[in-house]
file final-v8.csv (CSV, C-alpha atoms)
chain,number,residue,atom,x,y,z
A,46,GLN,CA,2.8,13.5,-5.6
A,47,GLN,CA,3.9,9.9,-6.5
A,48,PRO,CA,7.5,9.2,-5.5
A,49,VAL,CA,9.9,7.9,-8.1
A,50,GLN,CA,11.6,4.6,-7.6
A,51,SER,CA,14.8,3.3,-9.2
A,52,PRO,CA,15.7,0.9,-10.6
A,53,GLN,CA,12.4,-0.4,-12.1
A,54,ALA,CA,13.8,-3.9,-12.0
A,55,VAL,CA,16.9,-5.8,-10.8
A,56,ILE,CA,18.1,-9.4,-11.0
A,57,LEU,CA,20.5,-10.7,-8.4
A,58,ARG,CA,22.2,-13.9,-7.7
A,59,GLU,CA,21.8,-15.3,-4.1
A,60,GLY,CA,24.2,-13.6,-1.8
A,61,GLU,CA,24.5,-10.4,-3.8
A,62,ASP,CA,23.5,-7.0,-2.5
A,63,ALA,CA,21.0,-4.4,-3.9
A,64,VAL,CA,19.9,-0.9,-3.2
A,65,ILE,CA,16.5,0.4,-4.1
A,66,ASN,CA,15.9,4.2,-4.2
A,67,CYS,CA,12.9,6.4,-3.6
A,68,SER,CA,12.7,10.1,-4.2
A,69,SER,CA,10.1,12.8,-3.9
A,70,SER,CA,9.7,16.4,-5.0
A,71,LYS,CA,7.7,17.2,-1.8
A,72,ALA,CA,9.0,17.8,1.8
A,73,LEU,CA,8.4,14.5,3.5
A,74,TYR,CA,7.3,13.5,7.0
A,75,SER,CA,7.9,9.8,6.5
A,76,VAL,CA,8.9,7.1,4.1
A,77,HIS,CA,7.4,3.6,4.2
A,78,TRP,CA,8.7,0.4,2.5
A,79,TYR,CA,6.5,-2.6,1.6
A,80,ARG,CA,7.2,-5.9,-0.3
A,81,GLN,CA,4.6,-7.6,-2.4
A,82,LYS,CA,5.0,-11.1,-3.8
A,83,HIS,CA,3.1,-12.1,-6.9
A,84,GLY,CA,-0.6,-12.5,-6.3
A,85,GLU,CA,-0.3,-11.6,-2.6
A,86,ALA,CA,-0.9,-8.5,-0.5
A,87,PRO,CA,1.8,-6.0,0.3
A,88,VAL,CA,3.7,-6.6,3.5
A,89,PHE,CA,5.2,-4.0,5.7
A,90,LEU,CA,9.0,-3.7,6.0
A,91,MET,CA,9.9,-0.4,7.5
A,92,ILE,CA,8.9,3.2,8.3
A,93,LEU,CA,11.5,6.0,8.4
A,94,LEU,CA,10.4,9.2,10.1
A,95,LYS,CA,11.6,12.7,9.9
A,96,GLY,CA,14.0,13.3,12.8
A,97,GLY,CA,15.6,9.9,12.5
A,98,GLU,CA,13.1,7.4,14.1
A,99,GLN,CA,12.8,4.1,12.4
A,100,LYS,CA,10.2,1.3,12.9
A,101,GLY,CA,10.4,-2.0,11.3
A,102,HIS,CA,12.1,-5.4,10.9
A,103,GLU,CA,15.5,-5.6,12.4
A,104,LYS,CA,17.0,-7.4,9.4
A,105,ILE,CA,16.0,-4.6,7.0
A,106,SER,CA,18.2,-1.6,6.5
A,107,ALA,CA,17.2,1.7,5.1
A,108,SER,CA,18.1,5.4,5.1
A,109,PHE,CA,16.2,8.6,4.8
A,110,ASN,CA,17.9,11.8,3.6
A,111,GLU,CA,15.5,14.5,4.8
A,112,LYS,CA,17.3,17.3,3.0
A,113,LYS,CA,17.1,15.5,-0.4
A,114,GLN,CA,13.7,13.8,0.2
A,115,GLN,CA,15.3,10.5,-0.7
A,116,SER,CA,15.2,7.1,0.9
A,117,SER,CA,17.2,3.9,0.1
A,118,LEU,CA,16.4,0.3,1.0
A,119,TYR,CA,19.5,-1.9,1.4
A,120,LEU,CA,19.2,-5.6,0.8
A,121,THR,CA,22.3,-7.5,1.7
A,122,ALA,CA,23.3,-11.1,1.2
A,123,SER,CA,20.1,-11.6,-0.8
A,124,GLN,CA,18.1,-14.8,-0.5
A,125,LEU,CA,15.5,-16.4,-2.9
A,126,SER,CA,12.8,-15.3,-0.5
A,127,TYR,CA,13.7,-11.6,-1.1
A,128,SER,CA,12.1,-11.8,-4.6
A,129,GLY,CA,9.1,-9.6,-5.1
A,130,THR,CA,8.1,-6.1,-5.9
A,131,TYR,CA,9.2,-3.4,-3.4
A,132,PHE,CA,7.2,-0.3,-3.0
A,133,CYS,CA,8.0,2.9,-1.2
A,134,GLY,CA,5.3,5.1,0.1
A,135,THR,CA,5.8,8.7,1.1
A,136,VAL,CA,3.8,11.0,3.4
A,137,LYS,CA,4.5,14.7,2.8
A,138,THR,CA,4.8,17.1,5.7
A,139,GLY,CA,1.4,18.1,7.0
A,140,ALA,CA,-0.5,15.3,5.3
A,141,ASN,CA,-1.7,12.0,6.6
A,142,ASN,CA,-1.8,9.6,3.6
A,143,LEU,CA,0.7,7.5,1.7
A,144,PHE,CA,1.5,8.0,-2.0
A,145,PHE,CA,3.1,4.8,-3.4
A,146,GLY,CA,5.7,4.6,-6.1
A,147,THR,CA,5.3,2.3,-9.0
A,148,GLY,CA,7.6,-0.4,-7.5
A,149,THR,CA,10.9,-2.1,-8.1
A,150,ARG,CA,10.8,-5.7,-9.2
A,151,LEU,CA,13.5,-7.7,-7.5
A,152,THR,CA,14.3,-11.2,-8.7
A,153,VAL,CA,16.9,-13.4,-6.9
A,154,ILE,CA,18.2,-16.4,-8.8
A,155,PRO,CA,20.2,-19.3,-7.5
B,87,ASN,CA,-6.7,-13.4,14.6
B,88,ALA,CA,-7.7,-13.2,10.9
B,89,GLY,CA,-6.2,-9.7,10.4
B,90,VAL,CA,-7.9,-8.0,7.4
B,91,THR,CA,-10.4,-10.0,5.4
B,92,GLN,CA,-12.0,-9.0,2.1
B,93,THR,CA,-15.0,-10.4,0.2
B,94,PRO,CA,-15.4,-11.4,-2.5
B,95,LYS,CA,-12.0,-12.6,-3.8
B,96,PHE,CA,-13.0,-12.4,-7.5
B,97,GLN,CA,-15.8,-10.6,-9.2
B,98,VAL,CA,-16.9,-10.1,-12.8
B,99,LEU,CA,-19.3,-7.3,-13.6
B,100,LYS,CA,-21.0,-5.9,-16.7
B,101,THR,CA,-20.7,-2.2,-17.4
B,102,GLY,CA,-23.3,-0.3,-15.4
B,103,GLN,CA,-23.8,-2.9,-12.7
B,104,SER,CA,-23.3,-2.0,-9.1
B,105,MET,CA,-21.5,-3.9,-6.3
B,106,THR,CA,-20.1,-3.5,-2.8
B,107,LEU,CA,-16.7,-4.8,-1.7
B,108,GLN,CA,-16.6,-5.7,2.0
B,109,CYS,CA,-13.6,-5.3,4.3
B,110,ALA,CA,-13.3,-6.2,8.0
B,111,GLN,CA,-10.4,-6.1,10.5
B,112,ASP,CA,-10.1,-7.7,13.9
B,113,MET,CA,-7.1,-5.7,15.2
B,114,ASN,CA,-9.1,-2.9,16.8
B,115,HIS,CA,-7.5,-0.4,14.4
B,116,ASN,CA,-8.9,3.1,14.1
B,117,SER,CA,-7.9,3.8,10.4
B,118,MET,CA,-9.0,1.9,7.4
B,119,TYR,CA,-8.2,2.4,3.7
B,120,TRP,CA,-9.2,1.3,0.2
B,121,TYR,CA,-6.5,1.1,-2.6
B,122,ARG,CA,-6.6,0.0,-6.2
B,123,GLN,CA,-3.6,-1.5,-7.9
B,124,ASP,CA,-3.2,-1.4,-11.7
B,125,PRO,CA,-0.3,-2.8,-13.6
B,126,GLY,CA,2.6,-0.4,-13.6
B,127,MET,CA,0.8,2.1,-11.4
B,128,GLY,CA,1.5,1.0,-7.9
B,129,LEU,CA,-1.1,1.4,-5.2
B,130,ARG,CA,-3.4,4.4,-5.3
B,131,LEU,CA,-5.6,5.5,-2.4
B,132,ILE,CA,-9.4,5.7,-3.2
B,133,TYR,CA,-10.9,6.6,0.2
B,134,TYR,CA,-9.8,6.3,3.8
B,135,SER,CA,-11.4,6.5,7.3
B,136,ALA,CA,-9.2,7.8,10.1
B,137,SER,CA,-11.8,6.9,12.7
B,138,GLU,CA,-15.3,5.4,13.0
B,139,GLY,CA,-17.8,7.8,11.5
B,140,THR,CA,-15.4,9.7,9.3
B,141,THR,CA,-14.4,9.2,5.7
B,142,ASP,CA,-12.2,11.2,3.3
B,143,LYS,CA,-11.3,11.1,-0.4
B,144,GLY,CA,-8.0,9.9,-1.5
B,145,GLU,CA,-6.1,10.2,-4.8
B,146,VAL,CA,-8.7,8.5,-7.1
B,147,PRO,CA,-12.2,8.7,-5.5
B,148,ASN,CA,-14.4,9.3,-8.6
B,149,GLY,CA,-16.9,6.5,-9.3
B,150,TYR,CA,-16.7,5.1,-5.7
B,151,ASN,CA,-18.4,5.6,-2.4
B,152,VAL,CA,-17.5,4.2,1.0
B,153,SER,CA,-19.2,3.4,4.3
B,154,ARG,CA,-17.5,3.0,7.7
B,155,LEU,CA,-20.1,0.8,9.2
B,156,ASN,CA,-18.4,0.4,12.6
B,157,LYS,CA,-14.9,0.2,13.8
B,158,ARG,CA,-14.3,-3.2,12.2
B,159,GLU,CA,-15.9,-2.7,8.8
B,160,PHE,CA,-15.3,-0.5,5.8
B,161,SER,CA,-17.1,-1.1,2.5
B,162,LEU,CA,-16.4,0.2,-1.0
B,163,ARG,CA,-19.3,0.6,-3.4
B,164,LEU,CA,-19.2,1.0,-7.2
B,165,GLU,CA,-22.6,2.5,-8.2
B,166,SER,CA,-22.2,2.0,-12.0
B,167,ALA,CA,-19.2,0.0,-12.9
B,168,ALA,CA,-17.0,1.0,-15.8
B,169,PRO,CA,-14.2,-1.0,-17.6
B,170,SER,CA,-11.7,1.6,-16.2
B,171,GLN,CA,-12.5,0.2,-12.8
B,172,THR,CA,-11.1,-3.2,-13.6
B,173,SER,CA,-8.3,-3.6,-11.0
B,174,VAL,CA,-7.2,-5.3,-7.9
B,175,TYR,CA,-8.7,-3.7,-4.8
B,176,PHE,CA,-6.9,-3.9,-1.4
B,177,CYS,CA,-8.3,-2.9,1.9
B,178,ALA,CA,-5.9,-2.0,4.7
B,179,SER,CA,-6.0,-0.9,8.3
B,180,SER,CA,-3.6,0.8,10.7
B,181,ASP,CA,-3.4,1.9,14.3
B,182,GLY,CA,-3.8,5.5,15.1
B,183,ALA,CA,-5.6,8.2,13.1
B,184,GLY,CA,-4.1,8.1,9.6
B,185,GLY,CA,-1.2,6.4,8.0
B,186,ARG,CA,1.6,8.8,8.4
B,187,TYR,CA,3.6,6.8,11.0
B,188,ASN,CA,2.0,3.4,11.4
B,189,GLU,CA,2.3,0.1,9.7
B,190,GLN,CA,-0.6,-0.7,7.4
B,191,PHE,CA,-1.9,-4.3,7.3
B,192,PHE,CA,-3.4,-5.3,4.0
B,193,GLY,CA,-6.2,-7.7,3.1
B,194,PRO,CA,-5.7,-10.4,0.4
B,195,GLY,CA,-7.4,-8.3,-2.3
B,196,THR,CA,-10.4,-8.5,-4.6
B,197,ARG,CA,-9.8,-9.0,-8.3
B,198,LEU,CA,-12.5,-7.1,-10.2
B,199,THR,CA,-13.1,-7.3,-13.9
B,200,VAL,CA,-15.7,-5.0,-15.6
B,201,LEU,CA,-16.7,-6.1,-19.1
call {"tool": "encode", "arguments": {"input": "final-v8.csv", "output": "structure tokens"}}
result
Amino acid sequence: QQPVQSPQAVILREGEDAVINCSSSKALYSVHWYRQKHGEAPVFLMILLKGGEQKGHEKISASFNEKKQQSSLYLTASQLSYSGTYFCGTVKTGANNLFFGTGTRLTVIP
Amino acid sequence: NAGVTQTPKFQVLKTGQSMTLQCAQDMNHNSMYWYRQDPGMGLRLIYYSASEGTTDKGEVPNGYNVSRLNKREFSLRLESAAPSQTSVYFCASSDGAGGRYNEQFFGPGTRLTVL
């Protein structure tokens, strides 16, 4: 039930854009995005719900394709502070718990 | 507010020893969770509690037990530690009953090594 994330790792220069993808083989109720810096706890970024509702930080952009069970996180004009590992978590329809992907390591360099 | 706190921060055990990881939250959340994080594996749910007095198994419950002591506290017990339980353990909490549509707040983690 673990979602699949791509790419596994990406390196950006400051100001560049990136897209992180998350896909599931199950019908989904919601997709959650978290960022974790090295040695720290994961921090919430956004939730995308079936039906179009979104909850999260205004500066974060993401999409949820309910038909394809796919979500994408869009990081624009990247800053050094964006570096970290991004995890998507999915909740399948009828369930109550998150299954996390294995993460995408994002490194932003000057 | 402290958010979610975990003790201890680090622990080294010998195979067969037992220990309890403690977690507390001060946000009046109904739901609490225990995850483990291994390199390359992401976060995997061990147990969760959707409300005070209830607990349910997650993805990887074998070798663990939990207690929801009250609304604030949720402990994880390893009865007989094994090297395969070497991991970083995170406790989290969220509002509502379950994690399907609410933000989860994570504690700082406990780094456990079993020799």
call {"tool": "interface_residues", "arguments": {"input": "final-v8.csv", "of": "chain B", "to": "chain A", "cutoff": "10 Å", "atoms": "all atoms listed in the file", "output": "PyMOL selection string"}}
result
chain B and resi 119+123-131+134+136+144-145+174+176-178+183-195
call {"tool": "atom_distance", "arguments": {"input": "final-v8.csv", "atom1": "CA of Ser117 (chain B)", "atom2": "CA of Gly129 (chain A)"}}
result
26.6 Å
call {"tool": "closest_residue", "arguments": {"input": "final-v8.csv", "among": "A:Ala63, A:Ile154, A:Leu125, A:Leu73", "to": "Glu111 (chain A)", "atoms": "all atoms listed in the file"}}
result
A:Leu73
call {"tool": "atom_distance", "arguments": {"input": "final-v8.csv", "atom1": "CA of Ser123 (chain A)", "atom2": "CA of Ser108 (chain A)"}}
result
18.1 Å
call {"tool": "atom_distance", "arguments": {"input": "final-v8.csv", "atom1": "CA of Tyr121 (chain B)", "atom2": "CA of Leu99 (chain B)"}}
result
18.9 Å
call {"tool": "closest_residue", "arguments": {"input": "final-v8.csv", "among": "B:Ser170, B:Lys100, B:Ser161, B:Asp112", "to": "Val146 (chain B)", "atoms": "only C-alpha atoms"}}
result
B:Ser170
call {"tool": "closest_residue", "arguments": {"input": "final-v8.csv", "among": "B:Ser166, B:Asn116, B:Gln103, B:Ser180", "to": "Asn151 (chain B)", "atoms": "all atoms listed in the file"}}
result
B:Ser166
call {"tool": "closest_residue", "arguments": {"input": "final-v8.csv", "among": "B:Ser104, B:Val98, B:Val152, B:Thr93", "to": "Glu165 (chain B)", "atoms": "all atoms listed in the file"}}
result
B:Ser104
call {"tool": "residues_around", "arguments": {"input": "final-v8.csv", "residues": "Pro169 (chain B)", "least_positions_apart": "2", "cutoff": "6 Å", "atoms": "all atoms listed in the file", "output": "PyMOL selection string"}}
result
chain B and resi 171-172+200-201
call {"tool": "residues_around", "arguments": {"input": "final-v8.csv", "residues": "Ser69 (chain A)", "least_positions_apart": "5", "cutoff": "7 Å", "atoms": "all atoms listed in the file", "output": "VMD selection string"}}
result
chain A and resid 48 to 49 114 to 115
call {"tool": "write_last_selection", "arguments": {"input": "final-v8.csv", "atoms": "C-alpha atoms", "output": "short mmCIF file (atom, residue, chain, number, x, y, z; two decimals), in the coordinates of the input"}}
result
data_model
loop_
_atom_site.label_atom_id
_atom_site.label_comp_id
_atom_site.auth_asym_id
_atom_site.auth_seq_id
_atom_site.Cartn_x
_atom_site.Cartn_y
_atom_site.Cartn_z
CA PRO A 48 7.50 9.20 -5.50
CA VAL A 49 9.90 7.90 -8.10
CA GLN A 114 13.70 13.80 0.20
CA GLN A 115 15.30 10.50 -0.70
#
call {"tool": "closest_residue", "arguments": {"input": "final-v8.csv", "among": "A:Ser106, A:Leu118, A:Lys95, A:Thr152", "to": "Arg58 (chain A)", "atoms": "only C-alpha atoms"}}
result
A:Thr152
call {"tool": "residues_around", "arguments": {"input": "final-v8.csv", "residues": "Gln111 (chain B)", "least_positions_apart": "6", "cutoff": "8 Å", "atoms": "all atoms listed in the file", "output": "ChimeraX atom specification"}}
result
/B:88-91,158-159,179
call {"tool": "residues_around", "arguments": {"input": "final-v8.csv", "residues": "Lys113 (chain A)", "least_positions_apart": "4", "cutoff": "10 Å", "atoms": "all atoms listed in the file", "output": "compact mmCIF listing (two decimals) with C-alpha atoms, in the coordinates of the input"}}
result
# COMPACT_ATOMS: atom_id res chain seq x y z
CA SER A 68 12.70 10.10 -4.20
CA SER A 69 10.10 12.80 -3.90
CA SER A 70 9.70 16.40 -5.00
CA LYS A 71 7.70 17.20 -1.80
CA ALA A 72 9.00 17.80 1.80
CA LEU A 73 8.40 14.50 3.50
CA PHE A 109 16.20 8.60 4.80
call {"tool": "closest_residue", "arguments": {"input": "final-v8.csv", "among": "B:Ser153, B:Thr141, B:Asn87, B:Thr196", "to": "Met113 (chain B)", "atoms": "only C-alpha atoms"}}
result
B:Asn87
